[in-house]
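Structure below is entry-v6.cif: mmCIF, C-alpha atoms.
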```cif
data_coords
loop_
_atom_site.label_atom_id
_atom_site.label_comp_id
_atom_site.auth_asym_id
_atom_site.auth_seq_id
_atom_site.Cartn_x
_atom_site.Cartn_y
_atom_site.Cartn_z
CA MET A 1 119.44 51.23 -170.03
CA VAL A 2 119.43 48.65 -167.27
CA HIS A 3 116.65 46.09 -167.24
CA LEU A 4 115.81 44.60 -163.88
CA GLU A 5 114.98 40.93 -164.20
CA GLY A 6 112.11 39.32 -162.38
CA PRO A 7 108.61 40.35 -161.44
CA PRO A 8 108.30 43.66 -159.62
CA GLU A 9 107.03 42.09 -156.38
CA LEU A 10 110.48 40.57 -155.83
CA LEU A 11 112.21 43.91 -155.78
CA ILE A 12 113.17 44.82 -152.26
CA ILE A 13 113.34 48.47 -151.39
CA LEU A 14 116.05 49.04 -148.84
CA PRO A 15 115.34 51.94 -146.52
CA GLU A 16 118.32 54.26 -146.72
CA ASP A 17 119.71 53.18 -143.35
CA HIS A 18 116.70 54.94 -141.82
CA GLY A 19 118.42 58.21 -142.73
CA MET A 20 121.08 57.72 -140.09
CA THR A 21 124.50 59.28 -140.48
CA PHE A 22 127.71 57.28 -140.19
CA TYR A 23 128.22 58.81 -136.74
CA GLU A 24 124.75 57.82 -135.48
CA LYS A 25 125.34 54.25 -136.61
CA GLU A 26 128.69 54.24 -134.85
CA LEU A 27 127.05 55.50 -131.63
CA LEU A 28 124.56 52.65 -131.77
CA ARG A 29 127.28 50.13 -132.46
CA ILE A 30 129.53 51.42 -129.68
CA ASN A 31 126.64 51.48 -127.22
CA ALA A 32 125.88 47.85 -128.06
CA VAL A 33 129.49 46.69 -127.86
CA ILE A 34 131.17 48.81 -125.17
CA TYR A 35 128.31 50.02 -122.98
CA LYS A 36 126.06 47.00 -122.84
CA ASN A 37 126.54 46.22 -119.15
CA HIS A 38 124.14 48.73 -117.61
CA GLY A 39 124.38 47.33 -114.10
CA GLN A 40 128.14 47.76 -114.11
CA ILE A 41 127.93 51.28 -115.55
CA ASP A 42 125.33 52.36 -112.97
CA ALA A 43 127.51 51.00 -110.16
CA ILE A 44 130.56 52.91 -111.39
CA ILE A 45 128.55 56.11 -111.89
CA ALA A 46 127.34 55.71 -108.27
CA VAL A 47 130.96 55.42 -107.12
CA ARG A 48 131.87 58.59 -108.98
CA ASN A 49 128.88 60.43 -107.49
CA TYR A 50 129.98 59.25 -104.06
CA ILE A 51 133.46 60.66 -104.64
CA ASP A 52 131.92 63.95 -105.85
CA SER A 53 129.94 64.35 -102.63
CA ASN A 54 132.58 63.00 -100.24
CA TYR A 55 135.87 64.16 -101.77
CA ALA A 56 136.81 65.95 -98.56
CA SER A 57 136.61 62.86 -96.38
CA ASP A 58 139.15 60.08 -96.02
CA LEU A 59 138.30 58.11 -99.15
CA ASN A 60 140.12 55.00 -100.17
CA LEU A 61 139.42 51.89 -102.19
CA ASP A 62 138.15 50.01 -99.10
CA VAL A 63 135.45 52.61 -98.51
CA LEU A 64 134.49 52.84 -102.17
CA SER A 65 134.35 49.10 -102.71
CA LYS A 66 131.88 48.77 -99.82
CA ILE A 67 129.43 51.25 -101.37
CA GLN A 68 128.62 49.09 -104.33
CA CYS A 69 129.88 45.76 -102.98
CA ILE A 70 132.51 45.47 -105.69
CA SER A 71 135.90 43.99 -104.88
CA LYS A 72 138.67 46.56 -104.69
CA TYR A 73 140.56 45.27 -107.67
CA HIS A 74 137.43 45.01 -109.80
CA LEU A 75 136.34 48.53 -108.84
CA LEU A 76 139.74 49.94 -109.77
CA ARG A 77 139.62 48.19 -113.12
CA LEU A 78 136.03 49.19 -113.93
CA PHE A 79 136.49 52.80 -112.88
CA LYS A 80 139.53 53.06 -115.12
CA LYS A 81 137.67 51.34 -117.93
CA TYR A 82 134.73 53.74 -117.91
CA TYR A 83 136.31 57.02 -116.77
CA GLY A 84 139.81 56.61 -118.14
CA LEU A 85 141.56 57.28 -114.84
CA THR A 86 141.82 55.61 -111.44
CA PRO A 87 139.53 56.60 -108.53
CA ARG A 88 142.59 58.04 -106.76
CA GLN A 89 143.49 60.23 -109.75
CA TYR A 90 139.87 61.30 -110.09
CA LEU A 91 139.68 62.17 -106.38
CA ILE A 92 142.88 64.23 -106.53
CA ASP A 93 141.63 66.20 -109.55
CA LYS A 94 138.36 66.84 -107.75
CA ARG A 95 140.17 68.07 -104.63
CA ILE A 96 142.43 70.36 -106.66
CA THR A 97 139.43 71.84 -108.50
CA HIS A 98 137.70 72.60 -105.20
CA ALA A 99 140.94 73.90 -103.69
CA LYS A 100 141.24 76.41 -106.53
CA LYS A 101 137.71 77.65 -105.82
CA HIS A 102 138.45 78.05 -102.11
CA LEU A 103 141.69 79.91 -102.82
CA GLU A 104 139.92 82.16 -105.33
CA ASN A 105 137.39 82.97 -102.63
CA GLY A 106 140.18 84.00 -100.31
CA MET A 107 140.45 80.97 -98.00
CA SER A 108 143.91 80.47 -96.53
CA VAL A 109 146.15 77.76 -97.92
CA THR A 110 146.13 75.75 -94.70
CA GLU A 111 142.36 75.92 -94.34
CA THR A 112 141.95 74.96 -97.99
CA CYS A 113 144.28 71.99 -97.60
CA PHE A 114 142.12 70.46 -94.85
CA ALA A 115 138.80 71.62 -96.34
CA VAL A 116 139.35 69.50 -99.44
CA GLY A 117 140.58 66.45 -97.56
CA PHE A 118 144.37 66.52 -97.63
CA GLU A 119 146.12 65.53 -94.45
CA SER A 120 149.39 67.35 -94.85
CA LEU A 121 150.20 70.78 -96.16
CA GLY A 122 153.36 69.44 -97.76
CA SER A 123 151.66 66.86 -99.92
CA PHE A 124 148.86 69.29 -100.79
CA SER A 125 151.30 71.97 -101.90
CA ALA A 126 153.39 69.56 -103.95
CA LEU A 127 150.34 68.05 -105.67
CA PHE A 128 148.78 71.44 -106.30
CA LYS A 129 151.97 72.69 -107.89
CA SER A 130 152.39 69.63 -110.07
CA LYS A 131 148.79 69.89 -111.31
CA THR A 132 148.47 73.64 -111.82
CA GLY A 133 152.04 74.84 -112.27
CA LYS A 134 151.80 77.13 -109.25
CA SER A 135 152.05 76.51 -105.53
CA PRO A 136 148.79 77.18 -103.65
CA PHE A 137 150.46 80.26 -102.14
CA GLN A 138 151.38 81.64 -105.56
CA PHE A 139 147.94 80.76 -106.92
CA ARG A 140 146.17 82.55 -104.07
CA LYS A 141 148.39 85.59 -104.42
CA ALA A 142 147.72 85.77 -108.17
CA GLN A 143 143.96 85.60 -107.57
CA PHE A 144 144.16 88.27 -104.92
CA SER A 145 146.12 90.70 -107.08
CA ARG A 146 143.76 90.04 -109.97
CA SER A 147 140.62 90.82 -107.96
CA LYS A 148 142.28 93.93 -106.55
CA PHE A 149 143.16 95.01 -110.08
CA ASN A 150 139.59 94.36 -111.25
CA SER A 151 138.05 96.37 -108.44
CA GLU A 152 140.38 99.29 -109.18
CA SER A 153 139.83 99.28 -112.91
CA MET B 1 154.40 72.92 -123.65
CA LYS B 2 150.92 74.15 -122.87
CA VAL B 3 147.58 73.89 -124.62
CA THR B 4 146.47 77.47 -125.17
CA VAL B 5 144.77 77.60 -128.57
CA ILE B 6 142.58 75.04 -130.30
CA SER B 7 141.46 75.71 -133.88
CA ILE B 8 138.06 75.17 -135.36
CA PRO B 9 137.60 75.63 -139.14
CA VAL B 10 134.79 78.01 -140.08
CA ARG B 11 133.37 79.18 -143.41
CA ASP B 12 132.59 82.68 -142.24
CA GLN B 13 134.43 84.18 -139.29
CA GLU B 14 131.90 86.92 -138.56
CA LYS B 15 128.97 84.52 -138.71
CA ALA B 16 130.87 82.10 -136.47
CA LEU B 17 131.64 84.89 -134.01
CA GLN B 18 127.92 85.72 -133.75
CA PHE B 19 126.90 82.08 -133.33
CA TYR B 20 129.58 81.16 -130.81
CA THR B 21 129.08 84.26 -128.66
CA GLN B 22 125.34 84.91 -128.95
CA LYS B 23 124.04 81.35 -128.99
CA LEU B 24 126.74 79.26 -127.33
CA GLY B 25 127.80 81.94 -124.86
CA PHE B 26 131.55 82.13 -125.50
CA LEU B 27 133.35 85.44 -125.06
CA LYS B 28 135.57 87.11 -127.62
CA LYS B 29 139.15 87.27 -126.41
CA LYS B 30 141.39 88.35 -129.31
CA ASP B 31 140.50 89.95 -132.62
CA THR B 32 143.41 91.00 -134.83
CA PRO B 33 143.08 91.91 -138.52
CA LEU B 34 145.18 89.79 -140.85
CA ASP B 35 145.80 89.87 -144.59
CA GLY B 36 142.88 89.54 -147.02
CA GLY B 37 140.08 90.28 -144.57
CA ASN B 38 141.01 87.36 -142.32
CA ARG B 39 141.20 87.79 -138.57
CA TRP B 40 143.04 86.13 -135.72
CA LEU B 41 139.84 85.63 -133.78
CA THR B 42 139.74 83.68 -130.52
CA LEU B 43 137.10 82.91 -127.92
CA VAL B 44 137.14 81.71 -124.33
CA SER B 45 134.43 80.10 -122.25
CA LYS B 46 132.70 82.39 -119.79
CA GLU B 47 133.42 80.05 -116.90
CA ALA B 48 137.13 79.67 -117.73
CA GLN B 49 138.29 82.93 -119.22
CA ASP B 50 141.93 82.09 -118.51
CA GLY B 51 141.50 78.65 -120.08
CA PRO B 52 142.36 77.56 -123.63
CA GLU B 53 141.25 79.80 -126.49
CA LEU B 54 139.16 78.62 -129.41
CA LEU B 55 140.52 79.96 -132.71
CA LEU B 56 137.90 80.54 -135.42
CA GLU B 57 140.07 79.58 -138.35
CA PRO B 58 139.01 80.41 -141.95
CA ALA B 59 141.02 77.55 -143.48
CA PRO B 60 138.15 76.03 -145.54
CA ASN B 61 137.98 79.23 -147.62
CA HIS B 62 141.66 79.19 -148.51
CA PHE B 63 142.83 75.59 -148.44
CA GLU B 64 140.72 73.20 -150.46
CA PRO B 65 141.63 69.99 -148.56
CA SER B 66 140.39 71.62 -145.36
CA LYS B 67 137.03 72.26 -147.03
CA VAL B 68 136.87 68.72 -148.38
CA PHE B 69 137.62 67.28 -144.95
CA GLN B 70 135.08 69.54 -143.24
CA ASP B 71 132.40 68.61 -145.79
CA ALA B 72 133.11 64.90 -145.33
CA LEU B 73 132.81 65.20 -141.54
CA MET B 74 129.54 67.11 -141.88
CA GLU B 75 128.15 64.55 -144.30
CA ALA B 76 129.05 61.67 -141.95
CA GLY B 77 127.61 63.50 -138.95
CA ILE B 78 130.95 63.39 -137.15
CA PRO B 79 131.70 66.07 -134.56
CA TRP B 80 135.42 66.90 -134.63
CA THR B 81 135.14 69.27 -131.67
CA GLN B 82 133.36 68.89 -128.38
CA PHE B 83 132.60 71.05 -125.38
CA ASP B 84 131.85 70.09 -121.79
CA VAL B 85 128.55 71.24 -120.30
CA GLU B 86 126.94 70.91 -116.87
CA SER B 87 123.76 69.43 -118.31
CA VAL B 88 123.27 68.18 -121.86
CA ASP B 89 119.48 68.14 -121.44
CA ALA B 90 119.38 71.77 -120.28
CA GLU B 91 121.67 72.92 -123.11
CA TYR B 92 119.62 70.95 -125.61
CA GLU B 93 116.48 72.75 -124.44
CA ARG B 94 118.14 76.15 -124.39
CA LEU B 95 119.79 75.83 -127.81
CA THR B 96 116.72 74.31 -129.46
CA GLN B 97 114.76 77.36 -128.30
CA LEU B 98 117.39 79.52 -130.01
CA GLY B 99 116.85 77.66 -133.26
CA VAL B 100 120.00 75.50 -133.14
CA GLU B 101 119.60 72.23 -135.04
CA PHE B 102 120.60 68.96 -133.44
CA SER B 103 121.54 65.84 -135.44
CA VAL B 104 121.91 63.74 -132.28
CA LYS B 105 119.46 64.34 -129.43
CA PRO B 106 120.67 63.81 -125.85
CA THR B 107 121.98 60.24 -125.77
CA THR B 108 123.62 58.29 -122.98
CA MET B 109 126.88 56.58 -123.89
CA GLY B 110 127.98 54.65 -120.82
CA THR B 111 129.24 57.18 -118.31
CA VAL B 112 128.59 60.26 -120.43
CA LYS B 113 125.63 61.94 -122.05
CA ILE B 114 126.15 63.57 -125.44
CA ALA B 115 124.28 65.54 -128.10
CA VAL B 116 125.41 66.93 -131.48
CA PHE B 117 124.38 70.18 -133.15
CA ASN B 118 125.19 72.11 -136.32
CA ASP B 119 127.23 75.29 -135.76
CA THR B 120 126.02 76.76 -139.12
CA CYS B 121 129.66 77.34 -140.07
CA GLY B 122 130.40 73.88 -141.42
CA ASN B 123 130.81 71.83 -138.24
CA ASN B 124 129.03 69.30 -136.11
CA ILE B 125 129.72 70.13 -132.47
CA GLN B 126 129.27 67.64 -129.66
CA ILE B 127 128.36 68.62 -126.12
CA VAL B 128 129.26 66.24 -123.33
CA GLU B 129 128.25 65.78 -119.72
CA GLU B 130 130.01 63.29 -117.48
CA LEU B 131 127.50 61.22 -115.55
#
```
Transcribe the structure of this file into structure tokens.
Amino acid sequence: MVHLEGPPELLIILPEDHGMTFYEKELLRINAVIYKNHGQIDAIIAVRNYIDSNYASDLNLDVLSKIQCISKYHLLRLFKKYYGLTPRQYLIDKRITHAKKHLENGMSVTETCFAVGFESLGSFSALFKSKTGKSPFQFRKAQFSRSKFNSES
Amino acid sequence: MKVTVISIPVRDQEKALQFYTQKLGFLKKKDTPLDGGNRWLTLVSKEAQDGPELLLEPAPNHFEPSKVFQDALMEAGIPWTQFDVESVDAEYERLTQLGVEFSVKPTTMGTVKIAVFNDTCGNNIQIVEEL
């Protein structure tokens, strides 16, 4: 049997970490260490929202850096820090996602190319193929034959 | 190489199928009987039915270390698997109504919002929304 020395009033009862799991404690720690600069995070989220609403226009670092008054280099670095990719990569992914929707809805490849903000059909086709494995023409054709099949079945 | 199937260990494949389709809203894609009552059972998300499949894998019932690992993750509250959602708050509301238990309520972590729930099959699952 273990005897605790000292008067009982000196015994300190430790709350069991307030019942938090290891993961919850890690979330708190990470929030305090990595995500402590709320101003910076809000600014970068605003940049991302801007890209989401203006992906079809001629976006570049100059335009984006003016929105939140962050220098171009700093913006590039912060965006990459918080989203894991550069604004350019993010923009391209966004455009490809929207392009797929347009093509699924039957829009022509050329129309789609300009509707999502690309300036040349060549670069659009090449990028689309490298991202999705199919050229926009092949992708559109595959969608079309699928919907035809569905309507017949 | 392509990512087509991602496994998630479950204690009961049928129970998992019900939870993942009826509560989470996934669709059953493949269901093939295997030896000993096991199934090759995969799901896809409704919005991306040609996307990667989620394999409900009964490993914890047959391979002890898998069970030990799954139990340890559950105990620590760690989600090994996560799904993207449009709105974490909306999903939290919807799933809570359906009786799903959350260990982490909607929480902002920098540029994402997350929440963690129990899938009743041995796993903590995280849902994520990019802000």
*asked:* Please list as a ChimeraX atom specification every residue within 9 Å of Gln143 of chain A, counting all atoms listed in the file and excluding residues in the same chain fewer than 5 positions away.
replied: /A:103-106,138,148
*Given the file above and the PyMOL selection byres ((chain A) within 8 of (chain B)), which residues are selected, and can you give them as a ChimeraX atom specification?*
/A:21-24,27,31,34-35,38,41,45,82-83
_Residue with smallest distance to Val88 of chain B - pool B:Ala72, B:Val100, B:Ile114, B:Leu54, counting all atoms listed in the file_ = B:Ile114
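Using all atoms listed in the file, the shortest contact distance between Ile51 of chain A and any of A:Gly122, A:Gly133, A:Gly117, A:Gly19 is found at A:Gly117.
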*Polymer residues at most 6 Å from segment 18-29 of chain B, all atoms listed in the file, same-chain spacing of 3 or more positions, as a ChimeraX atom specification*: /B:15,42-46
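Distance-wise, atom CA of Phe69 of chain B and atom CA of Glu57 of chain B end up 14.2 Å apart.
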Scan for residues within 12 Å of the point (131.8, 83.0, -138.8) in the coordinates of the file, using all atoms listed in the file, and reply as a tab-separated table (two decimals) with C-alpha atoms, in the frame of the given file.
```
chain	number	residue	atom	x	y	z
B	8	ILE	CA	138.06	75.17	-135.36
B	9	PRO	CA	137.60	75.63	-139.14
B	10	VAL	CA	134.79	78.01	-140.08
B	11	ARG	CA	133.37	79.18	-143.41
B	12	ASP	CA	132.59	82.68	-142.24
B	13	GLN	CA	134.43	84.18	-139.29
B	14	GLU	CA	131.90	86.92	-138.56
B	15	LYS	CA	128.97	84.52	-138.71
B	16	ALA	CA	130.87	82.10	-136.47
B	17	LEU	CA	131.64	84.89	-134.01
B	18	GLN	CA	127.92	85.72	-133.75
B	19	PHE	CA	126.90	82.08	-133.33
B	20	TYR	CA	129.58	81.16	-130.81
B	21	THR	CA	129.08	84.26	-128.66
B	22	GLN	CA	125.34	84.91	-128.95
B	38	ASN	CA	141.01	87.36	-142.32
B	39	ARG	CA	141.20	87.79	-138.57
B	41	LEU	CA	139.84	85.63	-133.78
B	42	THR	CA	139.74	83.68	-130.52
B	55	LEU	CA	140.52	79.96	-132.71
B	56	LEU	CA	137.90	80.54	-135.42
B	57	GLU	CA	140.07	79.58	-138.35
B	58	PRO	CA	139.01	80.41	-141.95
B	59	ALA	CA	141.02	77.55	-143.48
B	60	PRO	CA	138.15	76.03	-145.54
B	61	ASN	CA	137.98	79.23	-147.62
B	119	ASP	CA	127.23	75.29	-135.76
B	120	THR	CA	126.02	76.76	-139.12
B	121	CYS	CA	129.66	77.34	-140.07
B	122	GLY	CA	130.40	73.88	-141.42
B	123	ASN	CA	130.81	71.83	-138.24
```
*Atom pair atom CA of Arg146 of chain A / atom CA of Thr97 of chain A: separation (Å)*: 18.8 Å
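Atom CA of Ser65 of chain A sits 15.2 Å away from atom CA of Gly39 of chain A.
Of the listed residues (A:Arg77, A:Pro87, A:Asp52, A:Leu64), A:Asp52 comes nearest to Val116 of chain A; the distances count all atoms listed in the file.
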*Tell me which protein, DNA and RNA residues are within 8 Å of segment 92-94 of chain B, counting all atoms listed in the file, leaving out same-chain ones fewer than 6 positions away, and put them as a VMD selection string.*
chain B and resid 105 to 106 115
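Nearest residue to Asn118 of chain B, choosing from B:Pro65, B:Pro52, B:Pro33, B:Gly99 and counting all atoms listed in the file: B:Gly99.
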*Name the residues that the PyMOL selection byres ((chain A and resi 61) around 9) pulls out of this structure, and write them as a PyMOL selection string.*
chain A and resi 59-60+62-66+72-73+75-76+87-88
*For the file shown, what are the residues hit by the PyMOL selection byres ((chain A and resi 118) around 12), laid out as number ranges by chain?*
A: 55-59, 91-92, 94-96, 98-99, 109-117, 119-128
Selection above as a file: C-alpha atoms, as an mmCIF file, in the coordinates of the input:
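Below you can see out20.cif, which holds the result:
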```
data_model
loop_
_atom_site.group_PDB
_atom_site.id
_atom_site.type_symbol
_atom_site.label_atom_id
_atom_site.label_comp_id
_atom_site.auth_asym_id
_atom_site.auth_seq_id
_atom_site.Cartn_x
_atom_site.Cartn_y
_atom_site.Cartn_z
ATOM 1 C CA TYR A 55 135.870 64.160 -101.770
ATOM 2 C CA ALA A 56 136.810 65.950 -98.560
ATOM 3 C CA SER A 57 136.610 62.860 -96.380
ATOM 4 C CA ASP A 58 139.150 60.080 -96.020
ATOM 5 C CA LEU A 59 138.300 58.110 -99.150
ATOM 6 C CA LEU A 91 139.680 62.170 -106.380
ATOM 7 C CA ILE A 92 142.880 64.230 -106.530
ATOM 8 C CA LYS A 94 138.360 66.840 -107.750
ATOM 9 C CA ARG A 95 140.170 68.070 -104.630
ATOM 10 C CA ILE A 96 142.430 70.360 -106.660
ATOM 11 C CA HIS A 98 137.700 72.600 -105.200
ATOM 12 C CA ALA A 99 140.940 73.900 -103.690
ATOM 13 C CA VAL A 109 146.150 77.760 -97.920
ATOM 14 C CA THR A 110 146.130 75.750 -94.700
ATOM 15 C CA GLU A 111 142.360 75.920 -94.340
ATOM 16 C CA THR A 112 141.950 74.960 -97.990
ATOM 17 C CA CYS A 113 144.280 71.990 -97.600
ATOM 18 C CA PHE A 114 142.120 70.460 -94.850
ATOM 19 C CA ALA A 115 138.800 71.620 -96.340
ATOM 20 C CA VAL A 116 139.350 69.500 -99.440
ATOM 21 C CA GLY A 117 140.580 66.450 -97.560
ATOM 22 C CA GLU A 119 146.120 65.530 -94.450
ATOM 23 C CA SER A 120 149.390 67.350 -94.850
ATOM 24 C CA LEU A 121 150.200 70.780 -96.160
ATOM 25 C CA GLY A 122 153.360 69.440 -97.760
ATOM 26 C CA SER A 123 151.660 66.860 -99.920
ATOM 27 C CA PHE A 124 148.860 69.290 -100.790
ATOM 28 C CA SER A 125 151.300 71.970 -101.900
ATOM 29 C CA ALA A 126 153.390 69.560 -103.950
ATOM 30 C CA LEU A 127 150.340 68.050 -105.670
ATOM 31 C CA PHE A 128 148.780 71.440 -106.300
#
```
*Which of A:Asn37, A:Met107, A:Ile44, A:Glu26 sits closest to Arg140 of chain A [using all atoms listed in the file]*: A:Met107
